[in-house]
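Beneath this line is the structure, given in structure tokens, with notes to follow.
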Amino acid sequence: MSTTNPQPLWQPDPEQIAQARITEFQAWAAAHHGAPAEGGYAALHRWSVDELDTFWKAVTEWFGVRFSTPYAHVLGDRSMPGAQWFPGATLNYAEHALRAADSRADEPALLHVDETHDPRPVTWAELRRQVGSLAAELRSLGVRPGDRVSGYLPNIPQAVVALLATAAVGGVWTSCAPDFGARSVLDRFQQVEPVVLFTVDGYRYGGKEHDRREVVAELRRELPTLRAVVHIPLLGTEAPDGALDWAALTSADTEPVFEQVPFEHPLWVLYSSGTTGLPKAIVQSQGGILVEHLKQLGLHCDLGPEDRFFWYTSTGWMMWNFLVSGLLTGTTIVLYDGSPGFPDTGAQWRIAERTGATLYGTSAAYVMACRKAGVHPSRDFDLSKVKCVATTGSPLPPDGFRWLHDEFAENGAGLWIASVSGGTDVCSCFAGAVPTLPVHIGELQAPGLGTDLQAWDPSGNPLVDEVGELVVTNPMPSMPIHFWNDPDGSRYHDSYFDTYPGVWRHGDWITITPRGSVVIHGRSDSTLNRQGVRMGSADIYEAVERLPEIRESLVIGVEQPDGGYWMPLFVHLAPGATLDEHLLNRIKQTIREQLSPRHVPDEIIEVPGVPHTLTGKRIEVPVKRLLQGTPLDKAVNPGSIDNLDLLAFYEDLARKRA
Ligand SMILES: CC(=O)CC(=O)O
């Protein structure tokens, strides 16, 4: 593929460039660490990957990272997997996240918004006090460094307090959003065996209350390692028997004590979507996340104390963890707990307006939905504070860039549009926002600093202006320190390093353009990725195939040329069953209840059978490729399929849909 779009859609003016934090950083790094003073971002980026150790040392100095014990080197062993970052150093993530409490005690650290859309502030001093109180209570409950603390919580201030208190103690945080059904939560939490569970009684979404007390009771029964359950009465119910009350644990006026942990001490566990089995439990470190997020939020997103950072997310997605890290740069973060489109599609823009967001992030899918629904954000809302609209979850289609640009331009405003891409695996971005570079339609501005991002062909040759596998050839501090329950590291190794030994292969198709920007073409594996939320097909199979009428099923997600996403569920019925209205409804209801409304497919289609590999794995990727129009002989290796005849059905369907 060749990349066109020679004219930028937007470019920063000289004043914006001069004022960007990354410009100041470059000048400072040139004076103190030999970074190139000239050559702009491209030169800085080259230096950051060529002089990786010096670059990361510079980041820690620029952002004033407080090492309570100094490090021996920046990078001990640099091989992947297993690179050792800042050996010898100790620090604490939460201590850094609460630093602004010293100088800006009465300013808001959090703005909490629910479906009324009225922001409610939590000051830095109040956040710090609650974290201090809760951390002391966790210690008295016996929580020790390395213990797992879990949250079944919406995006509310209590979730941020619980994460920071856990990190202050050196515990390992992990969370699921309350729209996850019990099975999805247990598939995650049972792996990591938490000792504490923070939970709500329910949540509000789309104007309705969703009672989760039965799910919580099931979680308590099925998580035998729990020593304490903390009840947050979002719907106003009493704490169930044996549960502790949130208010009691957070009422003391206690200074937080920040456990000083090794740089590579685990901070949290995030989960992959579990396409081929249980979700991977991905562990990232306190120090690794601290420095990666300082770089990403402070330099790439250009966030600082005067900013307000709103990203529409739930606690079940890494973007929530990324949002919380906005505190590291002294930025006020906006927590929205509610439906993205309630009471109308424009909801998120209204929240951006009411909270004075300066960086507003959302999913590409939401942008496309607004475009379709005829929302006029800049006409109907005062978005004069918004400097950047960022998108992720899936690549923002060219029409999305044009629409955002035109909507703001009609009201005389320029808009920095940052389409960014990374993932749970690094809880960050490989490529995306750079405040000093132009934006071209359909392109991410550039690879991130300290990230040697390349597109490779199957033999490991770098490609420019051609589609290749997204690889990163150097270690990043936020790469997983390990997967949970993977003692020999084989699952970790096989997830990223089995194609190109020693090089991270992410599983996305990308093009690096001749001007150094990046185009993402979608997953090179079969992860479902709908409205920005990654989901595992295995969860869906498990739920659907509990129904006696379903013999087997296959779910895939197909990116559509118009930027949409089509997620059909193919069902092979048990003998005698009929796919009538009743069964269709039961399938949908089962998925909605056991997983979440987001897992409900767009269409349910009866098929004569599900094709497998010879080792019995359903072949999702070849079916997806067929439905994207790839001819059969190119979509699948015939020798690897158990029943080739079955593919004729999918081929036929692809023809009919074309
Ligand atoms: C930054 C991202 O890449 C987020 C995601 O799509 O999971």
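Scheme for the structure tokens: letters A, B, ... for chains in order shown; per-chain residue numbers from 1; ligand numbers from 1 in order shown.
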As a quick test: using only C-alpha atoms and all ligand atoms, which residues lie no more than 10 Å away from ligand 1? Give them as a JSON list (two decimals) with N, CA and C atoms, in the first residue's frame.
```
[["chain", "number", "residue", "atom", "x", "y", "z"],
["A", 272, "SER", "N", -5.73, -9.96, 29.08],
["A", 272, "SER", "CA", -5.99, -9.99, 27.64],
["A", 272, "SER", "C", -7.43, -10.46, 27.44],
["A", 317, "TRP", "N", -10.74, -1.86, 31.28],
["A", 317, "TRP", "CA", -9.91, -1.60, 30.10],
["A", 317, "TRP", "C", -8.67, -0.84, 30.54],
["A", 318, "MET", "N", -7.53, -1.12, 29.91],
["A", 318, "MET", "CA", -6.28, -0.47, 30.33],
["A", 318, "MET", "C", -6.33, 1.05, 30.22],
["A", 319, "MET", "N", -7.25, 1.57, 29.43],
["A", 319, "MET", "CA", -7.31, 3.03, 29.32],
["A", 319, "MET", "C", -7.72, 3.66, 30.65],
["A", 320, "TRP", "N", -8.37, 2.87, 31.51],
["A", 320, "TRP", "CA", -8.70, 3.39, 32.85],
["A", 320, "TRP", "C", -7.40, 3.58, 33.66],
["A", 322, "PHE", "N", -4.52, 4.01, 32.47],
["A", 322, "PHE", "CA", -3.80, 5.10, 31.81],
["A", 322, "PHE", "C", -4.37, 6.45, 32.27],
["A", 363, "SER", "N", -13.32, 6.38, 22.03],
["A", 363, "SER", "CA", -13.06, 5.32, 21.05],
["A", 363, "SER", "C", -13.34, 5.88, 19.65],
["A", 364, "ALA", "N", -12.63, 5.31, 18.70],
["A", 364, "ALA", "CA", -12.89, 5.70, 17.30],
["A", 364, "ALA", "C", -14.36, 5.41, 16.97],
["A", 391, "THR", "N", -8.19, 9.31, 20.08],
["A", 391, "THR", "CA", -9.03, 8.13, 19.90],
["A", 391, "THR", "C", -8.17, 6.88, 19.96],
["A", 392, "THR", "N", -8.80, 5.79, 20.39],
["A", 392, "THR", "CA", -8.12, 4.50, 20.36],
["A", 392, "THR", "C", -9.17, 3.41, 20.32],
["A", 393, "GLY", "N", -8.74, 2.19, 20.57],
["A", 393, "GLY", "CA", -9.67, 1.06, 20.52],
["A", 393, "GLY", "C", -9.64, 0.41, 19.16],
["A", 394, "SER", "N", -9.62, 1.22, 18.15],
["A", 394, "SER", "CA", -9.47, 0.75, 16.77],
["A", 394, "SER", "C", -8.97, 1.96, 16.00],
["A", 395, "PRO", "N", -8.41, 1.74, 14.82],
["A", 395, "PRO", "CA", -7.90, 2.90, 14.08],
["A", 395, "PRO", "C", -9.04, 3.85, 13.72],
["A", 419, "SER", "N", -4.91, 9.95, 16.97],
["A", 419, "SER", "CA", -5.32, 8.55, 16.97],
["A", 419, "SER", "C", -4.12, 7.79, 17.54],
["A", 420, "VAL", "N", -4.34, 7.02, 18.61],
["A", 420, "VAL", "CA", -3.20, 6.38, 19.27],
["A", 420, "VAL", "C", -3.41, 4.87, 19.32],
["A", 421, "SER", "N", -2.29, 4.15, 19.41],
["A", 421, "SER", "CA", -2.42, 2.69, 19.42],
["A", 421, "SER", "C", -1.32, 2.05, 20.24],
["A", 422, "GLY", "N", -1.72, 1.13, 21.05],
["A", 422, "GLY", "CA", -0.79, 0.36, 21.89],
["A", 422, "GLY", "C", -1.54, -0.84, 22.37],
["A", 423, "GLY", "N", -1.79, -0.92, 23.67],
["A", 423, "GLY", "CA", -2.64, -2.00, 24.14],
["A", 423, "GLY", "C", -2.39, -2.35, 25.58],
["A", 424, "THR", "N", -3.21, -3.30, 26.02],
["A", 424, "THR", "CA", -3.13, -3.81, 27.38],
["A", 424, "THR", "C", -1.74, -4.33, 27.70],
["A", 425, "ASP", "N", -1.13, -4.96, 26.74],
["A", 425, "ASP", "CA", 0.15, -5.63, 26.95],
["A", 425, "ASP", "C", 1.23, -4.68, 27.46],
["A", 426, "VAL", "N", 1.15, -3.40, 27.07],
["A", 426, "VAL", "CA", 2.14, -2.43, 27.56],
["A", 426, "VAL", "C", 1.46, -1.29, 28.32],
["A", 427, "CYS", "N", 0.14, -1.36, 28.43],
["A", 427, "CYS", "CA", -0.67, -0.32, 29.07],
["A", 427, "CYS", "C", -0.23, 1.06, 28.58],
["A", 428, "SER", "N", -0.01, 1.17, 27.33],
["A", 428, "SER", "CA", 0.48, 2.44, 26.78],
["A", 428, "SER", "C", 0.32, 2.41, 25.27],
["A", 429, "CYS", "N", 1.00, 3.34, 24.62],
["A", 429, "CYS", "CA", 0.88, 3.46, 23.17],
["A", 429, "CYS", "C", 2.24, 3.18, 22.53],
["A", 430, "PHE", "N", 2.20, 2.50, 21.42],
["A", 430, "PHE", "CA", 3.42, 2.35, 20.62],
["A", 430, "PHE", "C", 3.58, 3.57, 19.72],
["A", 431, "ALA", "N", 2.45, 4.10, 19.29],
["A", 431, "ALA", "CA", 2.48, 5.24, 18.37],
["A", 431, "ALA", "C", 1.26, 6.09, 18.64],
["A", 432, "GLY", "N", 1.36, 7.36, 18.32],
["A", 432, "GLY", "CA", 0.18, 8.21, 18.51],
["A", 432, "GLY", "C", 0.51, 9.67, 18.56],
["A", 529, "ASN", "N", -12.68, -6.84, 18.74],
["A", 529, "ASN", "CA", -12.41, -5.48, 19.21],
["A", 529, "ASN", "C", -13.58, -4.61, 18.79],
["A", 530, "ARG", "N", -14.51, -4.46, 19.73],
["A", 530, "ARG", "CA", -15.75, -3.80, 19.35],
["A", 530, "ARG", "C", -15.94, -2.52, 20.14],
["A", 531, "GLN", "N", -16.20, -1.45, 19.44],
["A", 531, "GLN", "CA", -16.38, -0.14, 20.07],
["A", 531, "GLN", "C", -15.25, 0.13, 21.05],
["A", 532, "GLY", "N", -14.04, -0.29, 20.65],
["A", 532, "GLY", "CA", -12.89, -0.02, 21.49],
["A", 532, "GLY", "C", -12.69, -1.00, 22.62],
["A", 533, "VAL", "N", -13.59, -1.96, 22.75],
["A", 533, "VAL", "CA", -13.43, -2.90, 23.85],
["A", 533, "VAL", "C", -13.01, -4.25, 23.27],
["A", 534, "ARG", "N", -11.88, -4.73, 23.74],
["A", 534, "ARG", "CA", -11.40, -6.03, 23.27],
["A", 534, "ARG", "C", -12.12, -7.12, 24.03]]
```
Long-range neighbours of A:Thr254 as a list in words, 6 Å cut-off, only C-alpha atoms, 2 positions minimum in chain =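 Non-adjacent residues within range: Gly132, Ser133 and Ala252 of chain A.
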Using only C-alpha atoms, which of A:Val375, A:Val464, A:Ile351, A:Leu91 sits nearest A:Gly516?
->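 Checking each of A:Val375, A:Val464, A:Ile351, A:Leu91 against A:Gly516, counting only C-alpha atoms, the winner is A:Val464.
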Taking into account only C-alpha atoms, which residue in the set A:Gln589, A:Thr60, A:Gln158, A:Thr513 is nearest to A:Ala543?
-> A:Gln589
Point out the residue among A:His45, A:Pro81, A:Trp10, A:His582 with the least atom-to-atom distance to A:Arg505, counting only C-alpha atoms.
->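 So, comparing all the options, the nearest one is A:Pro81.
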Which polymer residues have any atom within 7 Å of an atom of A:Ser285, counting only C-alpha atoms, with same-chain residues fewer than 3 positions away left out, as a ChimeraX atom specification?
-> /A:263-267,288-289,478,481
List the neighbours of A:Val65 out to 9 Å using only C-alpha atoms; skip same-chain residues closer than 6 positions along the sequence, and give me the result as a VMD selection string.
-> chain A and resid 59 91 96 290 to 291
A:Asp307: which residues within 12 Å, counting only C-alpha atoms, same-chain residues fewer than 4 positions away excluded, as a ChimeraX atom specification?
-> /A:107-110,297-298,301-303,326-327,329-334,355-360,385-388
Minimum-distance residue to A:Gln348, chosen among A:Ala243, A:Val113, A:Val503, A:Leu579 (using only C-alpha atoms) =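 Closest to A:Gln348 of all the choices is A:Val113.
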Give me the residues within 9 Å of A:Ala20 as a list in words, counting only C-alpha atoms and dropping any in the same chain fewer than 3 places off.
->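 Near A:Ala20, the qualifying residues are Glu15, Gln16, Ile17, Thr23, Glu24, Phe25, Leu299, Asp302, Pro435 and Thr436 of chain A.
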Taking all heavy atoms for each residue, export the selection above as a JSON list (two decimals), in the first residue's frame.
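Heads up, here's the output in again-v6.json:
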```json
[["chain", "number", "residue", "atom", "x", "y", "z"],
["A", 15, "GLU", "N", 3.94, 28.88, 17.88],
["A", 15, "GLU", "CA", 3.78, 29.12, 19.32],
["A", 15, "GLU", "C", 3.43, 27.82, 20.06],
["A", 15, "GLU", "O", 3.96, 27.53, 21.13],
["A", 15, "GLU", "CB", 2.67, 30.14, 19.51],
["A", 15, "GLU", "CG", 2.76, 30.84, 20.84],
["A", 15, "GLU", "CD", 1.56, 31.74, 21.03],
["A", 15, "GLU", "OE1", 1.15, 32.39, 20.04],
["A", 15, "GLU", "OE2", 1.02, 31.75, 22.15],
["A", 16, "GLN", "N", 2.54, 27.04, 19.43],
["A", 16, "GLN", "CA", 2.18, 25.76, 20.07],
["A", 16, "GLN", "C", 3.42, 24.86, 20.18],
["A", 16, "GLN", "O", 3.61, 24.18, 21.19],
["A", 16, "GLN", "CB", 1.09, 25.05, 19.26],
["A", 16, "GLN", "CG", -0.28, 25.68, 19.44],
["A", 16, "GLN", "CD", -1.28, 25.19, 18.40],
["A", 16, "GLN", "OE1", -0.95, 25.03, 17.21],
["A", 16, "GLN", "NE2", -2.51, 24.97, 18.83],
["A", 17, "ILE", "N", 4.22, 24.88, 19.13],
["A", 17, "ILE", "CA", 5.43, 24.04, 19.16],
["A", 17, "ILE", "C", 6.36, 24.51, 20.28],
["A", 17, "ILE", "O", 6.87, 23.72, 21.07],
["A", 17, "ILE", "CB", 6.15, 24.05, 17.79],
["A", 17, "ILE", "CG1", 5.26, 23.38, 16.75],
["A", 17, "ILE", "CG2", 7.52, 23.37, 17.87],
["A", 17, "ILE", "CD1", 5.78, 23.39, 15.33],
["A", 23, "THR", "N", 9.00, 20.05, 23.57],
["A", 23, "THR", "CA", 10.02, 20.97, 23.03],
["A", 23, "THR", "C", 10.97, 21.37, 24.16],
["A", 23, "THR", "O", 12.20, 21.36, 23.98],
["A", 23, "THR", "CB", 9.34, 22.21, 22.43],
["A", 23, "THR", "OG1", 8.39, 21.77, 21.46],
["A", 23, "THR", "CG2", 10.33, 23.16, 21.80],
["A", 24, "GLU", "N", 10.39, 21.71, 25.31],
["A", 24, "GLU", "CA", 11.24, 22.06, 26.47],
["A", 24, "GLU", "C", 12.11, 20.86, 26.85],
["A", 24, "GLU", "O", 13.28, 21.01, 27.18],
["A", 24, "GLU", "CB", 10.37, 22.40, 27.68],
["A", 24, "GLU", "CG", 9.68, 23.73, 27.61],
["A", 24, "GLU", "CD", 8.78, 23.90, 28.84],
["A", 24, "GLU", "OE1", 9.23, 23.63, 29.97],
["A", 24, "GLU", "OE2", 7.61, 24.26, 28.64],
["A", 25, "PHE", "N", 11.51, 19.69, 26.82],
["A", 25, "PHE", "CA", 12.27, 18.49, 27.19],
["A", 25, "PHE", "C", 13.45, 18.30, 26.24],
["A", 25, "PHE", "O", 14.57, 18.01, 26.66],
["A", 25, "PHE", "CB", 11.35, 17.26, 27.16],
["A", 25, "PHE", "CG", 12.09, 15.95, 27.33],
["A", 25, "PHE", "CD1", 12.51, 15.54, 28.59],
["A", 25, "PHE", "CD2", 12.37, 15.14, 26.24],
["A", 25, "PHE", "CE1", 13.22, 14.33, 28.75],
["A", 25, "PHE", "CE2", 13.07, 13.94, 26.38],
["A", 25, "PHE", "CZ", 13.48, 13.53, 27.64],
["A", 299, "LEU", "N", 4.83, 14.07, 27.91],
["A", 299, "LEU", "CA", 5.48, 14.54, 26.67],
["A", 299, "LEU", "C", 4.56, 14.37, 25.46],
["A", 299, "LEU", "O", 4.40, 15.29, 24.66],
["A", 299, "LEU", "CB", 6.80, 13.79, 26.44],
["A", 299, "LEU", "CG", 7.85, 13.94, 27.56],
["A", 299, "LEU", "CD1", 9.11, 13.14, 27.24],
["A", 299, "LEU", "CD2", 8.21, 15.41, 27.78],
["A", 302, "ASP", "N", 1.10, 15.92, 26.34],
["A", 302, "ASP", "CA", 1.36, 17.32, 26.74],
["A", 302, "ASP", "C", 0.51, 17.72, 27.95],
["A", 302, "ASP", "O", 0.03, 18.85, 28.04],
["A", 302, "ASP", "CB", 1.06, 18.26, 25.54],
["A", 302, "ASP", "CG", 1.75, 19.61, 25.70],
["A", 302, "ASP", "OD1", 2.83, 19.66, 26.30],
["A", 302, "ASP", "OD2", 1.19, 20.62, 25.22],
["A", 435, "PRO", "N", 2.65, 16.48, 20.07],
["A", 435, "PRO", "CA", 2.05, 17.82, 19.94],
["A", 435, "PRO", "C", 2.75, 18.74, 18.95],
["A", 435, "PRO", "O", 2.20, 19.76, 18.56],
["A", 435, "PRO", "CB", 2.16, 18.40, 21.37],
["A", 435, "PRO", "CG", 3.13, 17.54, 22.09],
["A", 435, "PRO", "CD", 3.13, 16.20, 21.42],
["A", 436, "THR", "N", 3.96, 18.36, 18.54],
["A", 436, "THR", "CA", 4.73, 19.25, 17.66],
["A", 436, "THR", "C", 4.70, 18.81, 16.20],
["A", 436, "THR", "O", 5.37, 19.43, 15.36],
["A", 436, "THR", "CB", 6.20, 19.30, 18.14],
["A", 436, "THR", "OG1", 6.66, 17.94, 18.27],
["A", 436, "THR", "CG2", 6.30, 19.99, 19.49]]
```
Do you know which residues are at most 10 Å from A:Arg66 counting only C-alpha atoms, after dropping those on the same chain fewer than 3 positions away, and could you put them as a count of residues only?
-> 12
Looking at A:Met535, A:Leu463, A:Ala97, A:Leu323, which one is nearest to A:Leu278, with distances taken over only C-alpha atoms?
->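 Nearest candidate to A:Leu278 out of A:Met535, A:Leu463, A:Ala97, A:Leu323: A:Met535.
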